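A short worksheet on the structure shown next.
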Amino acid sequence: MLIRVKMIANYRDALPPGHKHGVIELDVPDGTTVYDAVSQFDIPLNDESVIVLNGLTVEMNTPLKEGDTVTAFSAIAGG
Amino acid sequence: MYGWHLKILRVNLTTRNVTTENVDPKIARDYLGGRGWAIHYMYKDMDPTVEPLSPENMLIFATGPLTATPAPTGNRYMVVTKSPLTGALAHSNSGGEFPTWMKRTGFDMFIFEGKASEPVYVLVNEDQVEVRSAAHVWGKDVHETTDILKAEISEDARVACIGPAGENLALMAAIMNDKHRAAARSGVGAVMGSKNLKAVVAMGNKNPPLHDAEGMRSISVATSKNVGADVKKGSNMRIYGTSYVPQVTNTLGILPTRNFLQGTFEHVHNVDGDALKDNYLIRHTPCYRCPLSCGRLTEVPDGPYKGKGEGPEYETISSLGTGCGVSNLAALVKANYLCNEYGMDTITTGMTIAVAMEMYEKGYISEDVIGMPLKFGDHDAMIEMIKLMAYNKGFGQDLAQGSYRLAEKYGHPELAVTTRKQEFPGYDPRGSQGMGLLYATSNKGASHMEGDVAYEEVFGVPVKENPHSTEGKPELVKHFQDSFALIDSSGLCVFVAIRYVFDKNRMIWPETLASMMNLTTGAGYTPAEVMKAADRVYTLERMFLIKAGSGPEWDVLPDRMTKEPLPDGPAKGMVAELDKMLPEFYEKRGWDAKGYPTIEKLMELELPTG
């Protein structure tokens with residue numbers, strides 16, 4: 001199934017070249033979780049990152065569905 | 001005494017009488033400094049019902065004990081007064097260099113009272129305090145004024161001043177310091193303009209000794225190292241300032257778009273931090289001795305929006321940009337430069353124009369009244385409105401009153417997205433519930449800078465909270481309100497304080513800050529005492545509001561937030577559920593069911609009960 005991974009600001013550096021505005025599309029097997037989707041990229045998978053599914057706060061073991069977007073950004077600072 | 005000078009400068013602009021006062025050490029300790037000292041003196045010395053633009057209003061500049069110390073970001077000051085925009089309190093925080101220079105004059109706080117008979121500026125060079133004519137800079141913008149005053153006094157001086165917006169009493173006028181830094185919100189610049197006070201110039205070499213200079217140096221170096229480690233890892237703040245935030249809030253569906261008609265902006269990529277970095281960023285520009293360095297010098301090199309200055313920051317992008325549906329980044333950057341030069345709060349400026357745009361599109365205000373079409377997304381019209389507001393010309397006279405009065409005048413008050421008549425900042429509370437409670441109960445009207453729970457709901461600092469949930473938010477908002485009162489009183493900047501000075505366990509946050517306060521002042525605070533002092537400050541401000549006529553009846557959100565569900569994005573279908581949180585919030589604050597501090601609470605905090 002196709003899903004999208006979006007990285008914001010400095011996390012874009014973790015994406016391979018060719019992404020558009022920090023978004024890449026991935027073809028992943030059924031059962032792939034939020035954690036699986038982001039763990040292949042070099043970003044901290046602890047409380048230094050905020051990771052949301054379709055803009056919503058979820059558990060990292062939440063399974064993905066076709067068309068989902070997982071977004072990650074640094075929790076380092078505020079606005 | 002250490003850390004504090006325990007000295008206040010009081011300037012009566014009517015009589016031009018200048019006096020100095022000593023501060024009782026117990027008052028100094030109990031009210032911390034900065035914002036805390038300011039409300040103590042305002043509550044004691046001023047009738048809360050005074051007209052904000054009358055000579056009777058007090059305009060206070062206040063540093064904290066950590067201002068001008070080695071503490072990372074110990075470079076802030078507060079401007080405190082009664083707001084002409086809200087009728088409530090104004091307390092606006094700014095950094096740069098002026099606050100440190102102000103502390104080095106040998107005074108912790110300046111109080112300006114009365115009204116000068118003609119434009120003046122005040123020079124404070126240690127014990128040399130002069131009220132001088134400002135006839136030659138009246139009418140000049142912030143940059144020109146700063147350059148002229150520094151050239152005639154000293155390059156070693158630092159200047160805080162108003163631009164044309166403050167002179168013309170626009171209710172979104174800011175007080176700018178070091179050209180680009182703003183004590184922005186609630187119309188503090190209009191109060192300064194109403195006193196015919198164009199500028200305050202500070203210089204000197206008097207710093208109070210620190211109680212334990214070596215201990216302070218060590219804790220400051222350790223904290224700065226933590227900041228440095230994040231910068232090495234590629235801290236967003238160093239690279240982008242806050243301009244990376246539109247992508248975050250757009251992802252969560254809480255990015256104010258077209259006067260909050262939407263929570264996502266289809267052209268966000270055109271106005272985000274990467275677009276700014278790729279096109280106009282020159283370099284980062286820190287406040288004095290700041291290891292984080294989130295300010296950025298930018299330039300639009302050519303074309304109709306040619307200019308050079310600092311920013312824009314997130315709050316400018318979400319107001320003058322997405323709030324107005326504007327996607328032309330060069331025009332948005334130019335609009336930000338103009339606001340800095342005219343001395344204007346970009347949030348109220350942008351969101352007032354956004355309301356006018358909605359009213360124009362709905363046919364409530366005609367093209368004849370405005371003088372031109374004013375559709376969402378029309379960046380040239382947006383820039384023209386800023387000029388009209390600053391100079392109080394044409395339709396700008398209506399805009400200069402802020403969105404609440406604008407919408408009311410033209411018969412549609414429901415379109416103004418405000419609390420206590422102040423415009424919302426860049427987090428739609430329908431998808432960030434804690435922010436809704438914060439806006440509704442803030443002592444300065446809608447503001448993120450009075451307890452920004454978006455740190456947790458949006459940014460995950462120090463822990464991640466679900467923004468859609470109301471559970472636990474009353475206690476969280478109370479804790480953040482007190483924490484921000486503490487930071488504003490201490491002289492630090494929230495960006496470093498929240499991330500680097502506080503522990504991840506909220507309950508022990510104040511320990512590091514309490515240590516810094518103790519090493520600086522020798523006051524021997526426990527963490528609990530520091531937080532109690534912050535509660536005291538917040539509660540006394542609430543008492544001021546009640547007496548000023550901006551009490552619990554104003555703890556409300558506009559219908560757009562509570563009755564119109566968000567139409568798009570992850571928070572689609574949601575409204576702000578203030579009713580679910582407000583009673584528990586009052587209880588957590590020690591206020592009664594109607595929102596008044598109880599006698600028991602006032603006595604616990606050793607506050608006046610009358």
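Every chain in the structure tokens has a letter given in the order shown (A, B, ...), and although residue numbers restart at 1 in each chain, ligands are simply numbered from 1 in the order shown.
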For chain A, list the residues within 9 Å of chain B, counting only C-alpha atoms, and write the list as a compact mmCIF listing (two decimals) with C-alpha atoms, in the first residue's frame.
# COMPACT_ATOMS: atom_id res chain seq x y z
CA ILE A 8 9.40 19.17 8.67
CA ALA A 9 12.28 21.69 8.77
CA ASN A 10 15.63 20.16 9.79
CA TYR A 11 14.23 16.62 9.63
CA HIS A 21 8.38 19.94 0.23
CA ASP A 47 10.85 12.35 23.14
CA GLU A 48 13.03 14.62 20.99
CA SER A 49 10.61 14.07 18.12
CA VAL A 50 6.92 14.64 17.61
CA VAL A 52 1.72 12.30 14.18
CA ASN A 54 -2.68 12.33 9.59
CA GLY A 55 -2.11 15.20 12.01
CA LEU A 56 -3.38 13.23 15.00
CA THR A 57 -1.65 12.05 18.17
CA VAL A 58 -1.46 8.23 18.07
CA THR A 71 4.71 13.42 9.86
CA PHE A 73 9.39 17.08 13.42
CA SER A 74 11.82 18.03 16.12
CA ALA A 75 10.43 18.75 19.57
CA ILE A 76 13.43 20.91 20.28
CA ALA A 77 11.72 24.28 20.39
CA GLY A 78 8.43 26.10 20.25
CA GLY A 79 6.86 28.90 18.28
Spatial neighbours of A:Met60, 10 Å, only C-alpha atoms, chain gap at least 3 places, as a ChimeraX atom specification: /A:33-38,45,51-53,57,63
Can I get the selected residues back with N, CA and C atoms, as a PDB file, in the first residue's frame?
ATOM      1  N   THR A  33       3.527  -0.207  10.733  1.00  0.00           N
ATOM      2  CA  THR A  33       3.061   0.706  11.788  1.00  0.00           C
ATOM      3  C   THR A  33       3.693   2.092  11.615  1.00  0.00           C
ATOM      4  N   VAL A  34       3.208   3.029  12.427  1.00  0.00           N
ATOM      5  CA  VAL A  34       3.790   4.371  12.434  1.00  0.00           C
ATOM      6  C   VAL A  34       5.293   4.265  12.708  1.00  0.00           C
ATOM      7  N   TYR A  35       5.638   3.452  13.697  1.00  0.00           N
ATOM      8  CA  TYR A  35       7.051   3.284  14.054  1.00  0.00           C
ATOM      9  C   TYR A  35       7.848   2.752  12.855  1.00  0.00           C
ATOM     10  N   ASP A  36       7.312   1.732  12.186  1.00  0.00           N
ATOM     11  CA  ASP A  36       8.020   1.152  11.034  1.00  0.00           C
ATOM     12  C   ASP A  36       8.284   2.217   9.972  1.00  0.00           C
ATOM     13  N   ALA A  37       7.282   3.075   9.762  1.00  0.00           N
ATOM     14  CA  ALA A  37       7.390   4.060   8.670  1.00  0.00           C
ATOM     15  C   ALA A  37       8.502   5.071   8.918  1.00  0.00           C
ATOM     16  N   VAL A  38       8.684   5.470  10.174  1.00  0.00           N
ATOM     17  CA  VAL A  38       9.689   6.516  10.434  1.00  0.00           C
ATOM     18  C   VAL A  38      11.036   5.963  10.879  1.00  0.00           C
ATOM     19  N   LEU A  45      13.997   8.637  17.668  1.00  0.00           N
ATOM     20  CA  LEU A  45      12.666   8.054  17.918  1.00  0.00           C
ATOM     21  C   LEU A  45      12.396   8.024  19.418  1.00  0.00           C
ATOM     22  N   ILE A  51       5.757  12.845  16.467  1.00  0.00           N
ATOM     23  CA  ILE A  51       5.350  12.069  15.286  1.00  0.00           C
ATOM     24  C   ILE A  51       3.829  11.936  15.310  1.00  0.00           C
ATOM     25  N   VAL A  52       3.183  12.348  14.236  1.00  0.00           N
ATOM     26  CA  VAL A  52       1.717  12.298  14.184  1.00  0.00           C
ATOM     27  C   VAL A  52       1.265  11.553  12.936  1.00  0.00           C
ATOM     28  N   LEU A  53       0.084  10.951  13.023  1.00  0.00           N
ATOM     29  CA  LEU A  53      -0.505  10.229  11.894  1.00  0.00           C
ATOM     30  C   LEU A  53      -1.706  11.031  11.396  1.00  0.00           C
ATOM     31  N   THR A  57      -2.511  12.720  17.185  1.00  0.00           N
ATOM     32  CA  THR A  57      -1.650  12.054  18.167  1.00  0.00           C
ATOM     33  C   THR A  57      -2.064  10.590  18.271  1.00  0.00           C
ATOM     34  N   PRO A  63      -1.247   0.615  13.291  1.00  0.00           N
ATOM     35  CA  PRO A  63      -1.043   0.173  11.908  1.00  0.00           C
ATOM     36  C   PRO A  63      -1.524   1.226  10.903  1.00  0.00           C
TER      37      PRO A  63
END
Who sits within 6 Å of stretch 472-480 of chain B, only C-alpha atoms, same chain under 2 positions skipped, as a ChimeraX atom specification: /B:434,451,470,482-484,581,585
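The residue set within 10 Å of B:Ala523, counting only C-alpha atoms and dropping same-chain residues fewer than 6 places from it, reads Met1, Tyr2, Gly3, Pro25, Lys26, Ala28, Arg29, Asp30, Leu32, His211, Ala514 and Met517 of chain B.
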Non-local contacts of A:Leu15 (12 Å; only C-alpha atoms; under 2 positions in same chain excluded) as a ChimeraX atom specification: /A:4-13,17-26,38-43,72
Residues just named, written with N, CA and C atoms as a PDB file, in the first residue's frame:
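What ended up in part_22.pdb:
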ATOM      1  N   ARG A   4       2.493   8.086   2.843  1.00  0.00           N
ATOM      2  CA  ARG A   4       3.426   9.208   2.692  1.00  0.00           C
ATOM      3  C   ARG A   4       4.118   9.487   4.026  1.00  0.00           C
ATOM      4  N   VAL A   5       5.381   9.847   3.916  1.00  0.00           N
ATOM      5  CA  VAL A   5       6.128  10.299   5.095  1.00  0.00           C
ATOM      6  C   VAL A   5       6.520  11.748   4.850  1.00  0.00           C
ATOM      7  N   LYS A   6       6.214  12.579   5.861  1.00  0.00           N
ATOM      8  CA  LYS A   6       6.525  14.005   5.733  1.00  0.00           C
ATOM      9  C   LYS A   6       7.479  14.411   6.860  1.00  0.00           C
ATOM     10  N   MET A   7       8.552  15.069   6.483  1.00  0.00           N
ATOM     11  CA  MET A   7       9.507  15.574   7.475  1.00  0.00           C
ATOM     12  C   MET A   7       9.487  17.105   7.429  1.00  0.00           C
ATOM     13  N   ILE A   8       9.490  17.708   8.604  1.00  0.00           N
ATOM     14  CA  ILE A   8       9.396  19.173   8.672  1.00  0.00           C
ATOM     15  C   ILE A   8      10.745  19.765   9.082  1.00  0.00           C
ATOM     16  N   ALA A   9      11.087  20.879   8.438  1.00  0.00           N
ATOM     17  CA  ALA A   9      12.276  21.693   8.765  1.00  0.00           C
ATOM     18  C   ALA A   9      13.543  20.838   8.738  1.00  0.00           C
ATOM     19  N   ASN A  10      14.325  20.837   9.848  1.00  0.00           N
ATOM     20  CA  ASN A  10      15.629  20.163   9.794  1.00  0.00           C
ATOM     21  C   ASN A  10      15.527  18.657   9.584  1.00  0.00           C
ATOM     22  N   TYR A  11      14.378  18.068   9.847  1.00  0.00           N
ATOM     23  CA  TYR A  11      14.228  16.622   9.635  1.00  0.00           C
ATOM     24  C   TYR A  11      14.200  16.258   8.144  1.00  0.00           C
ATOM     25  N   ARG A  12      14.014  17.267   7.288  1.00  0.00           N
ATOM     26  CA  ARG A  12      14.036  16.978   5.842  1.00  0.00           C
ATOM     27  C   ARG A  12      15.371  16.394   5.409  1.00  0.00           C
ATOM     28  N   ASP A  13      16.421  16.740   6.166  1.00  0.00           N
ATOM     29  CA  ASP A  13      17.744  16.230   5.802  1.00  0.00           C
ATOM     30  C   ASP A  13      17.813  14.709   5.866  1.00  0.00           C
ATOM     31  N   PRO A  17      17.230  12.462  -1.584  1.00  0.00           N
ATOM     32  CA  PRO A  17      16.998  13.579  -2.502  1.00  0.00           C
ATOM     33  C   PRO A  17      15.750  13.342  -3.358  1.00  0.00           C
ATOM     34  N   GLY A  18      15.151  14.403  -3.807  1.00  0.00           N
ATOM     35  CA  GLY A  18      14.030  14.283  -4.728  1.00  0.00           C
ATOM     36  C   GLY A  18      12.675  14.417  -4.068  1.00  0.00           C
ATOM     37  N   HIS A  19      12.661  14.639  -2.754  1.00  0.00           N
ATOM     38  CA  HIS A  19      11.365  14.807  -2.095  1.00  0.00           C
ATOM     39  C   HIS A  19      10.763  16.165  -2.478  1.00  0.00           C
ATOM     40  N   LYS A  20       9.450  16.240  -2.382  1.00  0.00           N
ATOM     41  CA  LYS A  20       8.791  17.508  -2.677  1.00  0.00           C
ATOM     42  C   LYS A  20       8.260  18.108  -1.384  1.00  0.00           C
ATOM     43  N   HIS A  21       8.786  19.266  -1.003  1.00  0.00           N
ATOM     44  CA  HIS A  21       8.376  19.937   0.232  1.00  0.00           C
ATOM     45  C   HIS A  21       8.437  18.999   1.436  1.00  0.00           C
ATOM     46  N   GLY A  22       9.446  18.138   1.460  1.00  0.00           N
ATOM     47  CA  GLY A  22       9.623  17.272   2.628  1.00  0.00           C
ATOM     48  C   GLY A  22       8.729  16.040   2.646  1.00  0.00           C
ATOM     49  N   VAL A  23       8.090  15.729   1.530  1.00  0.00           N
ATOM     50  CA  VAL A  23       7.175  14.580   1.494  1.00  0.00           C
ATOM     51  C   VAL A  23       7.688  13.538   0.506  1.00  0.00           C
ATOM     52  N   ILE A  24       7.711  12.262   0.945  1.00  0.00           N
ATOM     53  CA  ILE A  24       7.978  11.183  -0.010  1.00  0.00           C
ATOM     54  C   ILE A  24       6.873  10.139   0.108  1.00  0.00           C
ATOM     55  N   GLU A  25       6.681   9.405  -0.988  1.00  0.00           N
ATOM     56  CA  GLU A  25       5.674   8.351  -0.992  1.00  0.00           C
ATOM     57  C   GLU A  25       6.397   7.014  -0.860  1.00  0.00           C
ATOM     58  N   LEU A  26       5.870   6.130  -0.043  1.00  0.00           N
ATOM     59  CA  LEU A  26       6.485   4.814   0.157  1.00  0.00           C
ATOM     60  C   LEU A  26       5.455   3.719  -0.111  1.00  0.00           C
ATOM     61  N   VAL A  38       8.684   5.470  10.174  1.00  0.00           N
ATOM     62  CA  VAL A  38       9.689   6.516  10.434  1.00  0.00           C
ATOM     63  C   VAL A  38      11.036   5.963  10.879  1.00  0.00           C
ATOM     64  N   SER A  39      11.062   4.690  11.316  1.00  0.00           N
ATOM     65  CA  SER A  39      12.313   4.163  11.883  1.00  0.00           C
ATOM     66  C   SER A  39      13.378   3.925  10.813  1.00  0.00           C
ATOM     67  N   GLN A  40      12.976   3.930   9.554  1.00  0.00           N
ATOM     68  CA  GLN A  40      13.986   3.741   8.493  1.00  0.00           C
ATOM     69  C   GLN A  40      14.745   5.045   8.197  1.00  0.00           C
ATOM     70  N   PHE A  41      14.352   6.124   8.849  1.00  0.00           N
ATOM     71  CA  PHE A  41      15.035   7.410   8.626  1.00  0.00           C
ATOM     72  C   PHE A  41      15.855   7.783   9.853  1.00  0.00           C
ATOM     73  N   ASP A  42      16.903   8.568   9.628  1.00  0.00           N
ATOM     74  CA  ASP A  42      17.819   8.909  10.711  1.00  0.00           C
ATOM     75  C   ASP A  42      17.284  10.100  11.508  1.00  0.00           C
ATOM     76  N   ILE A  43      16.264   9.840  12.307  1.00  0.00           N
ATOM     77  CA  ILE A  43      15.741  10.865  13.225  1.00  0.00           C
ATOM     78  C   ILE A  43      15.587  10.220  14.599  1.00  0.00           C
ATOM     79  N   ALA A  72       6.842  13.867  10.906  1.00  0.00           N
ATOM     80  CA  ALA A  72       7.761  13.962  12.046  1.00  0.00           C
ATOM     81  C   ALA A  72       8.447  15.317  12.052  1.00  0.00           C
TER      82      ALA A  72
END
DSSP-assigned alpha helix (DSSP H) members of stretch 254-344 of chain B, reported as a list of chain:residue names: B:Gly273, B:Asp274, B:Ala275, B:Leu276, B:Lys277, B:Asp278, B:Asn279, B:Tyr314, B:Glu315, B:Thr316, B:Leu329, B:Ala330, B:Ala331, B:Leu332, B:Val333, B:Lys334, B:Ala335, B:Asn336, B:Tyr337, B:Leu338, B:Cys339, B:Asn340, B:Glu341, B:Tyr342
I need the chosen residues saved as a PDB file, in the first residue's frame, with N, CA and C atoms.
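That gives us part-v4.pdb:
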ATOM      1  N   GLY B 273       9.234  28.257   6.529  1.00  0.00           N
ATOM      2  CA  GLY B 273      10.628  28.537   6.861  1.00  0.00           C
ATOM      3  C   GLY B 273      11.597  28.159   5.765  1.00  0.00           C
ATOM      4  N   ASP B 274      11.311  27.075   5.053  1.00  0.00           N
ATOM      5  CA  ASP B 274      12.228  26.682   3.981  1.00  0.00           C
ATOM      6  C   ASP B 274      12.203  27.673   2.829  1.00  0.00           C
ATOM      7  N   ALA B 275      11.011  28.154   2.500  1.00  0.00           N
ATOM      8  CA  ALA B 275      10.928  29.168   1.437  1.00  0.00           C
ATOM      9  C   ALA B 275      11.686  30.427   1.836  1.00  0.00           C
ATOM     10  N   LEU B 276      11.563  30.791   3.106  1.00  0.00           N
ATOM     11  CA  LEU B 276      12.254  31.986   3.602  1.00  0.00           C
ATOM     12  C   LEU B 276      13.772  31.762   3.576  1.00  0.00           C
ATOM     13  N   LYS B 277      14.197  30.596   4.058  1.00  0.00           N
ATOM     14  CA  LYS B 277      15.629  30.282   4.105  1.00  0.00           C
ATOM     15  C   LYS B 277      16.216  30.235   2.695  1.00  0.00           C
ATOM     16  N   ASP B 278      15.492  29.606   1.787  1.00  0.00           N
ATOM     17  CA  ASP B 278      16.028  29.433   0.431  1.00  0.00           C
ATOM     18  C   ASP B 278      16.077  30.748  -0.351  1.00  0.00           C
ATOM     19  N   ASN B 279      15.208  31.689  -0.001  1.00  0.00           N
ATOM     20  CA  ASN B 279      15.104  32.899  -0.835  1.00  0.00           C
ATOM     21  C   ASN B 279      15.675  34.171  -0.213  1.00  0.00           C
ATOM     22  N   TYR B 314       6.993  33.234  13.040  1.00  0.00           N
ATOM     23  CA  TYR B 314       5.763  32.479  12.811  1.00  0.00           C
ATOM     24  C   TYR B 314       4.508  33.319  12.985  1.00  0.00           C
ATOM     25  N   GLU B 315       4.457  34.071  14.068  1.00  0.00           N
ATOM     26  CA  GLU B 315       3.213  34.789  14.350  1.00  0.00           C
ATOM     27  C   GLU B 315       2.891  35.822  13.269  1.00  0.00           C
ATOM     28  N   THR B 316       3.917  36.311  12.603  1.00  0.00           N
ATOM     29  CA  THR B 316       3.695  37.241  11.489  1.00  0.00           C
ATOM     30  C   THR B 316       3.202  36.482  10.264  1.00  0.00           C
ATOM     31  N   LEU B 329       5.463  35.486  -0.629  1.00  0.00           N
ATOM     32  CA  LEU B 329       6.400  35.608   0.498  1.00  0.00           C
ATOM     33  C   LEU B 329       7.129  36.949   0.498  1.00  0.00           C
ATOM     34  N   ALA B 330       7.531  37.427  -0.676  1.00  0.00           N
ATOM     35  CA  ALA B 330       8.250  38.713  -0.724  1.00  0.00           C
ATOM     36  C   ALA B 330       7.370  39.831  -0.153  1.00  0.00           C
ATOM     37  N   ALA B 331       6.105  39.825  -0.503  1.00  0.00           N
ATOM     38  CA  ALA B 331       5.180  40.849   0.012  1.00  0.00           C
ATOM     39  C   ALA B 331       4.995  40.697   1.512  1.00  0.00           C
ATOM     40  N   LEU B 332       4.932  39.461   1.982  1.00  0.00           N
ATOM     41  CA  LEU B 332       4.776  39.204   3.415  1.00  0.00           C
ATOM     42  C   LEU B 332       6.009  39.686   4.193  1.00  0.00           C
ATOM     43  N   VAL B 333       7.187  39.425   3.637  1.00  0.00           N
ATOM     44  CA  VAL B 333       8.421  39.886   4.286  1.00  0.00           C
ATOM     45  C   VAL B 333       8.428  41.412   4.335  1.00  0.00           C
ATOM     46  N   LYS B 334       8.019  42.016   3.238  1.00  0.00           N
ATOM     47  CA  LYS B 334       7.966  43.490   3.188  1.00  0.00           C
ATOM     48  C   LYS B 334       6.969  44.032   4.226  1.00  0.00           C
ATOM     49  N   ALA B 335       5.822  43.376   4.329  1.00  0.00           N
ATOM     50  CA  ALA B 335       4.813  43.812   5.309  1.00  0.00           C
ATOM     51  C   ALA B 335       5.388  43.760   6.721  1.00  0.00           C
ATOM     52  N   ASN B 336       6.174  42.731   6.994  1.00  0.00           N
ATOM     53  CA  ASN B 336       6.817  42.608   8.308  1.00  0.00           C
ATOM     54  C   ASN B 336       7.812  43.749   8.531  1.00  0.00           C
ATOM     55  N   TYR B 337       8.597  44.060   7.514  1.00  0.00           N
ATOM     56  CA  TYR B 337       9.533  45.188   7.642  1.00  0.00           C
ATOM     57  C   TYR B 337       8.770  46.480   7.950  1.00  0.00           C
ATOM     58  N   LEU B 338       7.667  46.688   7.230  1.00  0.00           N
ATOM     59  CA  LEU B 338       6.896  47.925   7.439  1.00  0.00           C
ATOM     60  C   LEU B 338       6.363  48.003   8.869  1.00  0.00           C
ATOM     61  N   CYS B 339       5.858  46.869   9.368  1.00  0.00           N
ATOM     62  CA  CYS B 339       5.348  46.870  10.751  1.00  0.00           C
ATOM     63  C   CYS B 339       6.462  47.224  11.727  1.00  0.00           C
ATOM     64  N   ASN B 340       7.652  46.700  11.503  1.00  0.00           N
ATOM     65  CA  ASN B 340       8.779  47.033  12.389  1.00  0.00           C
ATOM     66  C   ASN B 340       9.142  48.510  12.270  1.00  0.00           C
ATOM     67  N   GLU B 341       9.133  49.028  11.069  1.00  0.00           N
ATOM     68  CA  GLU B 341       9.527  50.434  10.883  1.00  0.00           C
ATOM     69  C   GLU B 341       8.462  51.393  11.416  1.00  0.00           C
ATOM     70  N   TYR B 342       7.190  51.049  11.231  1.00  0.00           N
ATOM     71  CA  TYR B 342       6.108  51.895  11.748  1.00  0.00           C
ATOM     72  C   TYR B 342       5.854  51.635  13.235  1.00  0.00           C
TER      73      TYR B 342
END
Selection near B:Asp47, 9 Å with only C-alpha atoms, sequence-local residues under 6 positions removed, as a PyMOL selection string: chain B and resi 56-57+547-548
Export of the given selection (N, CA and C atoms) as a compact mmCIF listing (two decimals), in the first residue's frame:
# COMPACT_ATOMS: atom_id res chain seq x y z
N GLU B 56 -3.03 59.64 33.28
CA GLU B 56 -3.06 58.92 34.55
C GLU B 56 -2.55 57.48 34.41
N ASN B 57 -2.51 56.96 33.18
CA ASN B 57 -2.00 55.59 33.02
C ASN B 57 -0.50 55.56 33.27
N LYS B 547 -11.00 44.85 38.80
CA LYS B 547 -11.27 46.26 39.13
C LYS B 547 -11.32 47.13 37.88
N ALA B 548 -10.64 46.71 36.83
CA ALA B 548 -10.61 47.49 35.59
C ALA B 548 -11.85 47.25 34.73
